[in-house]
$ cat input.tsv   # TSV, C-alpha atoms
chain	number	residue	atom	x	y	z
K	635	MET	CA	-50.03	8.47	115.11
K	636	ARG	CA	-52.32	5.94	116.76
K	637	TRP	CA	-50.40	6.49	120.02
K	638	LEU	CA	-51.72	10.06	120.24
K	639	SER	CA	-55.31	9.11	121.03
K	640	PRO	CA	-54.74	7.69	124.55
K	641	CYS	CA	-52.58	10.68	125.39
K	642	PHE	CA	-55.32	13.22	124.69
K	643	ALA	CA	-58.18	11.08	125.99
K	644	MET	CA	-57.31	11.62	129.65
K	645	SER	CA	-60.30	11.96	131.95
K	646	THR	CA	-58.55	14.39	134.28
K	647	PHE	CA	-57.02	17.70	133.30
K	648	VAL	CA	-53.33	17.52	132.44
K	649	PRO	CA	-51.40	20.49	131.00
K	650	LEU	CA	-50.81	20.27	127.27
K	651	SER	CA	-47.01	20.29	127.68
K	652	SER	CA	-47.19	17.29	130.00
K	653	ARG	CA	-49.42	15.41	127.57
K	654	LEU	CA	-47.01	16.05	124.72
K	655	ARG	CA	-44.05	14.76	126.77
K	656	LEU	CA	-46.02	11.63	127.63
K	657	CYS	CA	-46.92	11.08	123.98
K	658	GLN	CA	-43.29	11.53	122.94
K	659	ARG	CA	-42.17	9.03	125.55
K	660	ARG	CA	-44.72	6.46	124.41
K	661	ALA	CA	-43.64	6.97	120.83
K	662	GLU	CA	-39.98	6.39	121.73
K	663	CYS	CA	-40.87	3.17	123.52
K	664	ASP	CA	-43.01	1.90	120.67
K	665	LEU	CA	-40.25	2.54	118.14
K	666	LEU	CA	-37.40	0.92	120.10
K	667	PRO	CA	-36.27	-2.48	118.78
K	668	ALA	CA	-36.97	-5.24	121.32
K	669	ARG	CA	-33.28	-6.14	121.54
K	670	TRP	CA	-32.56	-2.65	122.90
K	671	LEU	CA	-34.95	-2.95	125.80
K	672	SER	CA	-32.47	-4.81	127.98
K	673	VAL	CA	-30.18	-1.80	128.10
K	674	ARG	CA	-32.78	1.00	128.09
K	675	ASP	CA	-34.28	2.40	131.26
K	676	SER	CA	-37.31	0.94	133.00
K	677	ASN	CA	-39.73	3.50	131.52
K	678	CYS	CA	-39.72	1.50	128.30
K	679	ALA	CA	-38.93	-2.00	129.51
K	680	PRO	CA	-42.01	-4.24	129.77
K	681	GLU	CA	-42.27	-6.54	132.76
K	682	ASP	CA	-41.24	-9.66	130.85
K	683	VAL	CA	-38.00	-8.00	129.75
K	684	LYS	CA	-37.27	-6.84	133.31
K	685	LYS	CA	-37.96	-10.34	134.58
K	686	SER	CA	-35.69	-11.82	131.93
K	687	ARG	CA	-32.76	-9.61	132.96
K	688	LEU	CA	-33.29	-10.22	136.68
K	689	HIS	CA	-33.56	-13.99	136.22
K	690	HIS	CA	-30.42	-13.96	134.08
K	691	HIS	CA	-28.38	-12.31	136.86
K	692	LEU	CA	-29.93	-14.53	139.53
K	693	GLU	CA	-28.97	-17.68	137.62
K	694	GLU	CA	-25.41	-16.35	137.29
K	695	LEU	CA	-25.27	-16.19	141.09
K	696	GLY	CA	-26.62	-19.70	141.45
K	697	VAL	CA	-30.11	-18.64	142.59
K	698	ARG	CA	-32.94	-20.74	141.16
K	699	ALA	CA	-34.92	-17.86	139.67
K	700	ASP	CA	-37.97	-19.89	138.59
K	701	GLU	CA	-38.35	-21.30	142.11
K	702	LEU	CA	-38.01	-17.80	143.56
K	703	GLU	CA	-40.72	-16.52	141.23
K	704	GLU	CA	-42.96	-19.41	142.22
K	705	ALA	CA	-42.33	-18.68	145.90
K	706	TYR	CA	-43.24	-15.03	145.32
K	707	ILE	CA	-46.49	-15.95	143.57
K	708	LYS	CA	-47.43	-18.35	146.37
K	709	SER	CA	-46.75	-15.65	148.96
K	710	ILE	CA	-49.39	-13.36	147.43
K	711	THR	CA	-51.93	-15.92	146.18
K	712	THR	CA	-52.04	-18.48	148.99
K	713	SER	CA	-52.03	-18.54	152.78
K	714	GLU	CA	-48.85	-20.64	152.95
K	715	GLY	CA	-46.72	-17.61	153.79
K	716	TYR	CA	-43.14	-17.10	152.65
K	717	SER	CA	-40.84	-19.83	151.39
K	718	ASN	CA	-38.54	-21.14	154.09
K	719	HIS	CA	-35.80	-21.63	151.50
K	720	PHE	CA	-35.65	-18.01	150.31
K	721	GLY	CA	-37.17	-16.17	153.27
K	722	LYS	CA	-39.38	-13.10	153.45
K	723	PRO	CA	-36.70	-10.40	152.83
K	724	ALA	CA	-35.46	-12.01	149.59
K	725	ILE	CA	-38.98	-12.46	148.24
K	726	LYS	CA	-39.89	-8.87	149.12
K	727	ALA	CA	-36.75	-7.66	147.32
K	728	TYR	CA	-37.79	-9.69	144.25
K	729	LYS	CA	-41.19	-8.01	144.36
K	730	SER	CA	-39.79	-4.51	144.80
K	731	PHE	CA	-37.61	-4.88	141.68
K	732	PHE	CA	-40.71	-4.65	139.51
K	733	LYS	CA	-41.90	-1.56	141.39
K	734	GLN	CA	-38.68	0.42	141.26
K	735	LYS	CA	-38.64	4.02	140.13
K	736	ALA	CA	-38.26	4.68	136.43
K	737	GLY	CA	-35.06	6.05	134.97
K	738	GLU	CA	-32.40	3.55	136.07
K	739	ASP	CA	-30.64	1.36	133.52
K	740	ILE	CA	-32.62	-1.90	133.62
K	741	ASP	CA	-29.61	-4.19	133.39
K	742	VAL	CA	-27.73	-2.36	136.14
K	743	ALA	CA	-30.81	-2.47	138.36
K	744	ALA	CA	-31.35	-6.18	137.68
K	745	ASN	CA	-27.74	-6.96	138.58
K	746	ARG	CA	-27.97	-4.94	141.81
K	747	PHE	CA	-31.25	-6.53	142.89
K	748	ALA	CA	-29.99	-10.03	142.05
K	749	ARG	CA	-27.01	-9.61	144.37
K	750	GLN	CA	-29.22	-8.23	147.12
K	751	ILE	CA	-31.67	-11.14	146.77
K	752	ASP	CA	-28.81	-13.66	146.83
K	753	PHE	CA	-27.43	-12.14	150.04
K	754	LEU	CA	-30.83	-11.97	151.77
K	755	ALA	CA	-31.62	-15.58	150.91
K	756	LYS	CA	-28.26	-16.78	152.21
K	757	ARG	CA	-28.63	-14.75	155.39
K	758	HIS	CA	-32.08	-16.24	155.95
K	759	ARG	CA	-30.82	-19.81	155.55
K	760	SER	CA	-27.92	-19.08	157.88
K	761	LYS	CA	-30.29	-17.85	160.58
K	762	GLU	CA	-32.53	-20.87	160.12
K	763	ALA	CA	-29.68	-23.38	160.38
K	764	GLU	CA	-29.74	-24.89	163.86
K	765	TYR	CA	-26.04	-25.73	163.84
K	766	VAL	CA	-24.97	-22.10	163.21
K	767	ARG	CA	-24.64	-20.15	166.46
K	768	HIS	CA	-24.52	-16.40	165.86
K	769	LEU	CA	-24.66	-15.44	169.54
K	770	ASP	CA	-23.65	-17.14	172.76
K	771	THR	CA	-26.54	-17.81	175.09
K	772	ALA	CA	-26.57	-16.62	178.69
K	773	GLU	CA	-25.89	-20.21	179.73
K	774	THR	CA	-22.81	-20.75	177.54
K	775	ARG	CA	-21.32	-17.25	177.59
K	776	VAL	CA	-18.09	-16.83	179.61
K	777	SER	CA	-17.79	-13.38	181.17
K	778	PHE	CA	-15.03	-11.56	183.04
K	779	PRO	CA	-15.16	-9.03	185.91
K	780	LEU	CA	-15.20	-6.11	183.48
K	781	VAL	CA	-18.01	-3.54	183.48
K	782	LEU	CA	-18.43	-0.80	180.87
K	783	VAL	CA	-20.02	2.47	181.97
K	784	LEU	CA	-21.36	4.61	179.10
K	785	ASP	CA	-21.46	8.20	180.28
K	786	ASN	CA	-24.09	10.12	178.27
K	787	LEU	CA	-23.30	8.78	174.82
K	788	ARG	CA	-25.65	10.24	172.23
K	789	SER	CA	-25.38	7.82	169.29
K	790	ALA	CA	-27.48	4.64	169.39
K	791	ALA	CA	-25.24	3.21	166.64
K	792	ASN	CA	-22.15	3.72	168.82
K	793	VAL	CA	-23.84	2.14	171.82
K	794	GLY	CA	-24.90	-0.84	169.73
K	795	SER	CA	-21.33	-1.32	168.51
K	796	ILE	CA	-20.09	-1.18	172.10
K	797	PHE	CA	-22.57	-3.89	173.08
K	798	ARG	CA	-21.19	-6.08	170.31
K	799	SER	CA	-17.63	-5.47	171.48
K	800	ALA	CA	-18.69	-6.14	175.08
K	801	ASP	CA	-20.19	-9.45	174.03
K	802	ALA	CA	-17.04	-10.45	172.11
K	803	CYS	CA	-14.76	-9.47	175.02
K	804	GLY	CA	-16.85	-11.19	177.69
K	805	CYS	CA	-17.79	-8.07	179.62
K	806	SER	CA	-19.99	-8.98	182.54
K	807	GLU	CA	-22.22	-5.92	182.33
K	808	VAL	CA	-22.86	-2.61	180.56
K	809	LEU	CA	-24.13	0.36	182.57
K	810	THR	CA	-25.74	3.25	180.68
K	811	THR	CA	-26.32	6.68	182.17
K	812	GLY	CA	-28.19	9.88	181.36
K	813	ILE	CA	-29.11	10.33	177.68
K	814	THR	CA	-27.33	7.16	176.58
K	815	PRO	CA	-29.63	4.99	174.42
K	816	HIS	CA	-30.27	1.71	176.21
K	817	PRO	CA	-32.21	-1.56	175.80
K	818	ASN	CA	-35.92	-1.25	176.54
K	819	GLY	CA	-35.54	2.50	176.75
K	820	ASN	CA	-34.53	5.56	174.80
K	821	GLY	CA	-33.18	4.64	171.35
K	822	ALA	CA	-33.67	0.90	171.84
K	823	GLU	CA	-34.80	0.27	168.25
K	824	LYS	CA	-31.82	2.01	166.64
K	825	LEU	CA	-29.46	0.43	169.15
K	826	SER	CA	-30.64	-3.08	168.25
K	827	LYS	CA	-29.87	-2.51	164.57
K	828	SER	CA	-26.16	-2.07	165.24
K	829	SER	CA	-25.85	-4.43	168.22
K	830	LEU	CA	-27.32	-7.34	166.22
K	831	GLY	CA	-28.75	-9.02	169.30
K	832	ALA	CA	-25.78	-8.48	171.63
K	833	GLU	CA	-27.93	-6.26	173.87
K	834	ARG	CA	-30.04	-9.34	174.67
K	835	VAL	CA	-26.97	-11.32	175.75
K	836	VAL	CA	-24.91	-8.80	177.71
K	837	PRO	CA	-26.63	-7.79	180.99
K	838	SER	CA	-27.23	-4.06	181.34
K	839	ARG	CA	-28.89	-1.52	183.59
K	840	HIS	CA	-29.57	2.21	183.29
K	841	PHE	CA	-28.96	5.07	185.73
K	842	SER	CA	-30.31	8.60	185.47
K	843	THR	CA	-26.87	10.07	186.19
K	844	THR	CA	-23.28	8.85	186.04
K	845	LEU	CA	-22.89	9.75	189.71
K	846	HIS	CA	-25.62	7.24	190.58
K	847	ALA	CA	-23.72	4.58	188.60
K	848	VAL	CA	-20.52	5.36	190.55
K	849	GLU	CA	-22.39	5.11	193.86
K	850	TRP	CA	-23.95	1.79	192.82
K	851	LEU	CA	-20.53	0.37	191.86
K	852	ARG	CA	-18.92	1.50	195.13
K	853	ARG	CA	-21.73	-0.12	197.05
K	854	GLY	CA	-22.32	-3.23	194.98
K	855	ARG	CA	-18.80	-3.87	193.67
K	856	PRO	CA	-16.53	-2.55	196.46
K	857	ASN	CA	-13.39	-4.25	195.11
K	858	PHE	CA	-13.79	-2.96	191.57
K	859	ARG	CA	-11.29	-0.41	190.29
K	860	LEU	CA	-13.06	2.52	188.56
K	861	ILE	CA	-11.04	3.74	185.57
K	862	GLY	CA	-11.94	6.62	183.28
K	863	MET	CA	-10.87	6.54	179.63
K	864	GLU	CA	-10.02	10.14	178.82
K	865	THR	CA	-7.05	12.16	177.59
K	866	THR	CA	-5.88	14.35	180.46
K	867	GLU	CA	-2.61	15.58	181.92
K	868	HIS	CA	-2.81	12.86	184.55
K	869	SER	CA	-3.85	9.96	182.30
K	870	LYS	CA	-1.58	6.92	181.97
K	871	THR	CA	-1.10	4.88	178.83
K	872	TYR	CA	-3.56	2.01	179.04
K	873	THR	CA	-0.81	-0.58	178.51
K	874	ASN	CA	1.03	0.64	181.63
K	875	VAL	CA	-1.84	-0.06	184.00
K	876	SER	CA	-2.74	-3.35	185.69
K	877	TYR	CA	-6.35	-4.48	185.59
K	878	PRO	CA	-7.38	-6.66	188.55
K	879	GLY	CA	-9.80	-9.50	188.27
K	880	ARG	CA	-10.10	-12.87	186.57
K	881	PRO	CA	-12.96	-15.25	185.78
K	882	GLY	CA	-14.33	-16.53	189.07
K	883	PRO	CA	-17.50	-17.46	190.95
K	884	ARG	CA	-20.70	-16.04	189.52
K	885	ILE	CA	-24.05	-14.91	190.79
K	886	ALA	CA	-27.24	-14.35	188.80
K	887	GLN	CA	-28.09	-10.76	187.96
K	888	GLU	CA	-31.33	-9.65	189.55
K	889	ASN	CA	-33.07	-8.21	186.49
K	890	ASP	CA	-31.72	-9.85	183.34
K	891	GLY	CA	-30.88	-13.39	184.41
K	892	GLY	CA	-27.31	-13.04	183.20
K	893	GLU	CA	-24.16	-13.79	185.15
K	894	VAL	CA	-21.96	-11.25	186.91
K	895	PRO	CA	-18.98	-11.53	189.28
K	896	THR	CA	-19.65	-12.09	192.95
K	897	LYS	CA	-20.04	-8.93	195.00
K	898	ASN	CA	-16.60	-8.96	196.60
K	899	SER	CA	-14.52	-10.19	193.66
K	900	PRO	CA	-11.97	-7.77	192.17
K	901	GLY	CA	-12.61	-6.27	188.76
K	902	VAL	CA	-12.59	-3.17	186.61
K	903	ALA	CA	-15.23	-0.66	185.56
K	904	LEU	CA	-14.23	1.36	182.48
K	905	PHE	CA	-15.95	4.71	181.97
K	906	LEU	CA	-16.47	5.81	178.35
K	907	GLY	CA	-17.57	9.39	177.78
K	908	ASN	CA	-19.72	11.37	175.38
K	909	GLU	CA	-18.55	11.53	171.75
K	910	VAL	CA	-17.93	15.28	171.96
K	911	SER	CA	-17.36	16.24	175.60
K	912	GLY	CA	-15.92	12.97	176.90
K	913	VAL	CA	-16.23	11.68	180.46
K	914	ASP	CA	-17.99	14.08	182.84
K	915	THR	CA	-15.26	16.07	184.60
K	916	GLU	CA	-17.31	16.17	187.81
K	917	ILE	CA	-16.76	12.46	188.38
K	918	PHE	CA	-12.98	12.57	187.79
K	919	PRO	CA	-12.26	12.87	191.55
K	920	LEU	CA	-14.46	9.82	192.22
K	921	LEU	CA	-12.47	7.52	189.92
K	922	ASP	CA	-9.40	5.54	190.89
K	923	GLU	CA	-7.41	6.20	187.74
K	924	MET	CA	-7.48	7.78	184.29
K	925	ILE	CA	-6.07	6.10	181.18
K	926	GLU	CA	-5.63	7.01	177.54
K	927	ILE	CA	-4.82	5.21	174.32

$ encode --input "input.tsv" --output "structure tokens"
Amino acid sequence: MRWLSPCFAMSTFVPLSSRLRLCQRRAECDLLPARWLSVRDSNCAPEDVKKSRLHHHLEELGVRADELEEAYIKSITTSEGYSNHFGKPAIKAYKSFFKQKAGEDIDVAANRFARQIDFLAKRHRSKEAEYVRHLDTAETRVSFPLVLVLDNLRSAANVGSIFRSADACGCSEVLTTGITPHPNGNGAEKLSKSSLGAERVVPSRHFSTTLHAVEWLRRGRPNFRLIGMETTEHSKTYTNVSYPGRPGPRIAQENDGGEVPTKNSPGVALFLGNEVSGVDTEIFPLLDEMIEI
């Protein structure tokens, strides 16, 4: 019963029932054979056993576990910073494995963390590789006379996804209105998580109301066709509508340094509405056409 003494020698007051549970837990851990520790939960597993299981799964994935451990130690004991081979996120994940909450099967946790570390390290090396281009730059990106107008969207995740689609499709600009999250404004941080940098490539500007965006398009893009995407009695199937405009001369955008069609070139502005209420009905009469999928 030597394990009882530390349980009842606590300096602070702990209810008797809690002390007894702690003593019982310590007794169970002391009595477990060492070979069982790899499959018991992390309450009983000592750090060397946890490390052994994690390193085993890392080696299975082709990750040099000893080098990762050395990189982790250097990151906390020297001023060299984080290893450029593994990267900060992977090393932080390695560290957090040993601080995880008790109760999870240690082998399952080690396998899960190993896969996460492997992914984070690969992602880091991919970002660091100079020959891998994840995003087109403003200089190399080819855009078309297509503008997206986001009419009071509420989800930053949806807006971020639209920016990614706009980048892939070569949209020349994204206009946000009202409560729509936008770069350098409301919801910018959440937006950037789903756009993955596309908001820095696709030019954008924000208007307080959708009406102001319509007025700006009529004035600044007089030959653009304004088309609302909404299901109405008068909407046409989107495949039965012609969309004017083709890649042509460009001019620099005033604020973002991107490229947009010249003022008088033909093009299309597509209006996308709120997730629940859709495109604002008050601007329907101001649009040239309505389409639906």

$ residues_around --input "input.tsv" --residues "Ile725 in chain K" --least-positions-apart "3" --cutoff "6 Å" --atoms "all atoms listed in the file" --output "list in words"
Tyr706, Lys722 and Tyr728 of chain K

$ residues_near_point --input "input.tsv" --point "(-42.6, -18.4, 146.7)" --cutoff "12 Å" --atoms "all atoms listed in the file" --output "PyMOL selection string"
chain K and resi 698-726+728-729

$ atom_distance --input "input.tsv" --atom1 "CA of Ile796 in chain K" --atom2 "CA of Gly812 in chain K"
16.5 Å

$ closest_residue --input "input.tsv" --among "K:Lys827, K:Arg757, K:His840, K:Arg687" --to "Ala791 in chain K" --atoms "only C-alpha atoms"
K:Lys827

$ residues_around --input "input.tsv" --residues "range 822-824 of chain K" --least-positions-apart "3" --cutoff "10 Å" --atoms "only C-alpha atoms" --output "mmCIF file with C-alpha atoms, in the frame of the given file"
data_model
loop_
_atom_site.group_PDB
_atom_site.id
_atom_site.type_symbol
_atom_site.label_atom_id
_atom_site.label_comp_id
_atom_site.auth_asym_id
_atom_site.auth_seq_id
_atom_site.Cartn_x
_atom_site.Cartn_y
_atom_site.Cartn_z
ATOM 1 C CA SER K 789 -25.380 7.820 169.290
ATOM 2 C CA ALA K 790 -27.480 4.640 169.390
ATOM 3 C CA ALA K 791 -25.240 3.210 166.640
ATOM 4 C CA VAL K 793 -23.840 2.140 171.820
ATOM 5 C CA GLY K 794 -24.900 -0.840 169.730
ATOM 6 C CA PRO K 815 -29.630 4.990 174.420
ATOM 7 C CA HIS K 816 -30.270 1.710 176.210
ATOM 8 C CA PRO K 817 -32.210 -1.560 175.800
ATOM 9 C CA ASN K 818 -35.920 -1.250 176.540
ATOM 10 C CA GLY K 819 -35.540 2.500 176.750
ATOM 11 C CA LYS K 827 -29.870 -2.510 164.570
ATOM 12 C CA SER K 828 -26.160 -2.070 165.240
ATOM 13 C CA SER K 829 -25.850 -4.430 168.220
ATOM 14 C CA GLU K 833 -27.930 -6.260 173.870
#

$ atom_distance --input "input.tsv" --atom1 "CA of Ile925 in chain K" --atom2 "CA of Gly854 in chain K"
23.3 Å

$ closest_residue --input "input.tsv" --among "K:Leu921, K:Ile927, K:Leu830, K:Val836" --to "Thr871 in chain K" --atoms "all atoms listed in the file"
K:Ile927

$ residues_around --input "input.tsv" --residues "Ser777 in chain K" --least-positions-apart "3" --cutoff "6 Å" --atoms "only C-alpha atoms" --output "MDAnalysis selection string"
chainID K and resid 804:806

$ closest_residue --input "input.tsv" --among "K:Leu851, K:Leu695, K:Leu809, K:Val783" --to "Leu904 in chain K" --atoms "all atoms listed in the file"
K:Val783
